[in-house]
$ cat final29.tsv   # TSV, C-alpha atoms
chain	number	residue	atom	x	y	z
A	1	MET	CA	-12.43	20.31	6.08
A	2	SER	CA	-14.07	17.43	7.91
A	3	PRO	CA	-11.97	14.38	8.63
A	4	THR	CA	-12.80	11.45	6.37
A	5	GLY	CA	-11.57	8.95	8.94
A	6	PRO	CA	-10.22	8.88	12.45
A	7	LEU	CA	-7.28	11.23	13.02
A	8	ARG	CA	-4.22	9.61	14.52
A	9	VAL	CA	-0.56	10.49	14.94
A	10	GLU	CA	2.15	7.88	14.39
A	11	LEU	CA	5.86	7.90	15.16
A	12	CYS	CA	7.64	7.12	11.90
A	13	GLN	CA	10.06	4.21	12.26
A	14	THR	CA	11.18	3.37	8.72
A	15	PRO	CA	12.61	5.43	5.86
A	16	GLU	CA	9.36	4.85	3.95
A	17	GLU	CA	7.31	6.25	6.83
A	18	ILE	CA	9.62	9.25	7.23
A	19	LYS	CA	9.33	9.93	3.49
A	20	ARG	CA	5.62	10.69	4.04
A	21	CYS	CA	6.68	13.51	6.38
A	22	PHE	CA	9.17	14.84	3.85
A	23	VAL	CA	6.50	14.93	1.13
A	24	ILE	CA	4.24	17.04	3.38
A	25	ARG	CA	7.10	19.37	4.36
A	26	LYS	CA	8.04	19.93	0.72
A	27	GLU	CA	4.43	20.63	-0.23
A	28	VAL	CA	3.89	23.13	2.60
A	29	PHE	CA	7.26	24.82	3.11
A	30	VAL	CA	8.81	24.68	-0.37
A	31	ASP	CA	5.89	24.62	-2.82
A	32	GLU	CA	3.37	26.68	-0.84
A	33	GLN	CA	5.49	29.04	1.29
A	34	GLY	CA	8.50	29.41	-1.00
A	35	TYR	CA	11.30	28.19	1.26
A	36	GLU	CA	14.40	26.81	-0.46
A	37	LEU	CA	14.55	23.02	-0.72
A	38	ARG	CA	18.15	23.06	0.55
A	39	ASP	CA	16.98	24.83	3.73
A	40	GLU	CA	14.05	22.51	4.41
A	41	PHE	CA	15.95	19.26	4.75
A	42	ASP	CA	19.00	19.25	7.02
A	43	LYS	CA	21.30	17.09	9.11
A	44	LYS	CA	18.85	17.26	12.02
A	45	ASP	CA	16.44	15.00	10.13
A	46	GLY	CA	18.61	11.96	10.83
A	47	MET	CA	18.79	12.79	14.55
A	48	SER	CA	15.06	13.45	14.97
A	49	ASP	CA	11.82	11.69	15.70
A	50	HIS	CA	9.31	12.29	12.91
A	51	PHE	CA	5.56	12.04	13.37
A	52	VAL	CA	2.82	11.91	10.76
A	53	LEU	CA	-0.84	12.81	11.25
A	54	LEU	CA	-3.17	10.55	9.34
A	55	ASP	CA	-6.79	11.18	8.36
A	56	GLY	CA	-7.82	7.58	7.90
A	57	ASP	CA	-4.86	6.39	5.82
A	58	THR	CA	-4.08	9.78	4.25
A	59	PRO	CA	-1.06	11.73	5.59
A	60	ILE	CA	-2.13	15.32	6.28
A	61	GLY	CA	0.45	16.67	8.72
A	62	THR	CA	3.86	16.20	10.26
A	63	ILE	CA	6.09	17.41	13.08
A	64	ARG	CA	9.74	16.76	13.94
A	65	TYR	CA	11.39	16.55	17.37
A	66	TRP	CA	15.15	17.04	17.34
A	67	ALA	CA	16.15	15.33	20.59
A	68	PRO	CA	19.74	16.66	21.00
A	69	GLY	CA	18.41	20.22	21.12
A	70	ALA	CA	14.96	19.43	22.58
A	71	LYS	CA	13.51	21.27	19.60
A	72	LEU	CA	10.05	21.01	18.09
A	73	GLY	CA	10.10	21.89	14.41
A	74	ARG	CA	8.88	21.37	10.89
A	75	LEU	CA	5.21	21.39	11.93
A	76	ALA	CA	3.30	21.31	8.64
A	77	VAL	CA	-0.28	20.54	7.64
A	78	VAL	CA	-1.42	20.27	4.02
A	79	LYS	CA	-4.13	22.71	2.92
A	80	ALA	CA	-6.78	19.99	2.76
A	81	GLY	CA	-6.03	19.05	6.38
A	82	ARG	CA	-6.31	22.47	7.96
A	83	GLY	CA	-9.14	23.55	10.21
A	84	VAL	CA	-9.57	20.30	12.16
A	85	GLY	CA	-7.05	20.90	14.95
A	86	ALA	CA	-4.28	19.05	13.12
A	87	GLY	CA	-1.52	21.19	14.61
A	88	ARG	CA	-2.83	20.58	18.10
A	89	TYR	CA	-2.93	16.79	17.50
A	90	LEU	CA	0.67	16.86	16.30
A	91	VAL	CA	2.08	18.97	19.15
A	92	GLN	CA	0.22	16.96	21.79
A	93	ALA	CA	1.41	13.64	20.35
A	94	MET	CA	5.01	14.86	20.16
A	95	GLU	CA	4.85	16.11	23.77
A	96	GLU	CA	3.29	12.82	24.97
A	97	HIS	CA	6.10	10.96	23.22
A	98	VAL	CA	8.75	13.06	24.98
A	99	VAL	CA	7.04	13.03	28.40
A	100	GLY	CA	6.38	9.28	28.30
A	101	ARG	CA	9.87	8.41	26.99
A	102	LYS	CA	8.15	6.28	24.39
A	103	GLY	CA	11.31	5.29	22.58
A	104	GLY	CA	12.72	6.84	19.48
A	105	LYS	CA	15.51	9.36	19.68
A	106	ALA	CA	13.71	11.33	22.40
A	107	GLY	CA	13.59	8.28	24.65
A	108	GLU	CA	17.33	7.73	24.22
A	109	GLN	CA	18.25	11.41	24.68
A	110	HIS	CA	16.12	12.03	27.76
A	111	LYS	CA	16.40	8.67	29.53
A	112	ASP	CA	17.93	10.22	32.67
A	113	ASP	CA	16.19	13.62	32.61
A	114	LYS	CA	13.46	14.65	35.03
A	115	GLU	CA	12.22	17.48	32.82
A	116	VAL	CA	12.85	18.89	29.38
A	117	THR	CA	12.42	22.41	28.05
A	118	ILE	CA	11.10	22.07	24.51
A	119	HIS	CA	12.13	24.88	22.16
A	120	ALA	CA	10.37	26.01	18.99
A	121	ASN	CA	11.44	28.63	16.48
A	122	SER	CA	8.00	29.32	15.06
A	123	GLN	CA	6.91	31.44	12.18
A	124	ALA	CA	5.69	34.62	13.83
A	125	TYR	CA	2.11	34.27	12.60
A	126	ALA	CA	1.77	31.00	14.59
A	127	GLN	CA	2.79	32.52	17.94
A	128	LYS	CA	-0.74	32.52	19.39
A	129	PHE	CA	-1.21	28.84	18.45
A	130	TYR	CA	1.85	27.88	20.49
A	131	GLU	CA	0.84	30.11	23.38
A	132	LYS	CA	-2.51	28.28	23.51
A	133	MET	CA	-0.51	25.05	23.71
A	134	GLY	CA	1.31	26.35	26.82
A	135	TYR	CA	4.47	27.72	25.20
A	136	THR	CA	5.89	31.08	26.26
A	137	VAL	CA	7.82	33.58	24.19
A	138	GLU	CA	11.55	33.79	24.76
A	139	GLY	CA	13.19	36.84	23.21
A	140	GLU	CA	12.25	39.03	20.28
A	141	HIS	CA	11.19	38.32	16.72
A	142	PHE	CA	14.03	37.41	14.35
A	143	LEU	CA	14.49	36.43	10.72
A	144	GLU	CA	15.07	32.80	9.82
A	145	ASP	CA	15.34	31.91	6.15
A	146	GLY	CA	14.08	35.42	5.40
A	147	GLN	CA	10.83	35.05	7.38
A	148	PRO	CA	9.86	36.51	10.79
A	149	HIS	CA	10.10	33.94	13.57
A	150	ILE	CA	9.74	33.87	17.34
A	151	ARG	CA	11.31	31.48	19.86
A	152	LEU	CA	8.93	29.78	22.26
A	153	VAL	CA	9.60	27.34	25.10
A	154	LYS	CA	7.70	24.90	27.29
A	155	THR	CA	9.05	22.82	30.15
A	156	VAL	CA	7.54	19.36	30.58
A	157	THR	CA	8.01	16.89	33.41
A	158	LEU	CA	8.99	13.39	32.27
A	159	LYS	CA	7.41	10.19	33.59

$ encode --input "final29.tsv" --output "structure tokens"
Amino acid sequence: MSPTGPLRVELCQTPEEIKRCFVIRKEVFVDEQGYELRDEFDKKDGMSDHFVLLDGDTPIGTIRYWAPGAKLGRLAVVKAGRGVGAGRYLVQAMEEHVVGRKGGKAGEQHKDDKEVTIHANSQAYAQKFYEKMGYTVEGEHFLEDGQPHIRLVKTVTLK
């Protein structure tokens, strides 16, 4: 796919903006990958910063940062948005948000921290993607919601 407009990542501030992320997550994780709807949406959603990747005005990807656990999660890109570095845009934007203390729940959670170790429980097939983004494996593969996963971590210095 070629982008139809400029790609940009936005921090979602309103319930309407966050709903765009939920629509993408349902499409990718529930409809496409077969995860249970009850497992996809959880109590962490209300305690997280949500980001949406836009191609022009069209939402094509999302990522969630759960500040209390310093956890990256729910990275999803719709089929039509794959192949343009969407995942990289999302991870970089989320990390810049955390490092720069740019508000949101991450800004509140990490206001006095000098560094943060970001954790990700990734689907095993995406391990190399995260390693290219500077994450390192922590532990062995494990099953989460019936699928193989791997825990990865990255420590970032805050500004």

$ axis_aligned_box --input "final29.tsv" --around "stretch 32-42 of chain A" --padding-each-side "5 Å" --output "lines of an AutoDock Vina configuration file"
center_x = 11.2
center_y = 24.3
center_z = 3.0
size_x = 25.6
size_y = 20.2
size_z = 18.0

$ residues_around --input "final29.tsv" --residues "stretch 65-80 of chain A" --least-positions-apart "4" --cutoff "9 Å" --atoms "all atoms listed in the file" --output "number ranges by chain"
A: 1, 21, 24-25, 27-29, 40, 44-51, 53, 59-61, 86-87, 90-91, 94, 98, 105-110, 116-122

$ closest_residue --input "final29.tsv" --among "A:Asp112, A:Asp39, A:Asp57, A:Glu17" --to "A:Asp145" --atoms "only C-alpha atoms"
A:Asp39

$ residues_around --input "final29.tsv" --residues "A:Gly139" --least-positions-apart "3" --cutoff "9 Å" --atoms "all atoms listed in the file" --output "list of chain:residue names"
A:Phe142, A:Ile150, A:Arg151, A:Leu152

$ atom_distance --input "final29.tsv" --atom1 "atom CA of A:Glu10" --atom2 "atom CA of A:Val52"
5.5 Å

$ closest_residue --input "final29.tsv" --among "A:Val153, A:Ala124, A:Ile18, A:Ile63" --to "A:Val137" --atoms "all atoms listed in the file"
A:Val153

$ atom_distance --input "final29.tsv" --atom1 "atom CA of A:Lys154" --atom2 "atom CA of A:Glu115"
10.3 Å

$ closest_residue --input "final29.tsv" --among "A:Arg38, A:Arg8, A:Lys128, A:Lys111" --to "A:Gln92" --atoms "only C-alpha atoms"
A:Arg8

$ residues_around --input "final29.tsv" --residues "A:Asp113" --least-positions-apart "6" --cutoff "10 Å" --atoms "all atoms listed in the file" --output "PyMOL selection string"
chain A and resi 101+107+157-159

$ atom_distance --input "final29.tsv" --atom1 "atom CA of A:Thr58" --atom2 "atom CA of A:Glu96"
22.2 Å

$ closest_residue --input "final29.tsv" --among "A:Asp55, A:Gln123, A:Thr155, A:His141" --to "A:Arg82" --atoms "all atoms listed in the file"
A:Asp55
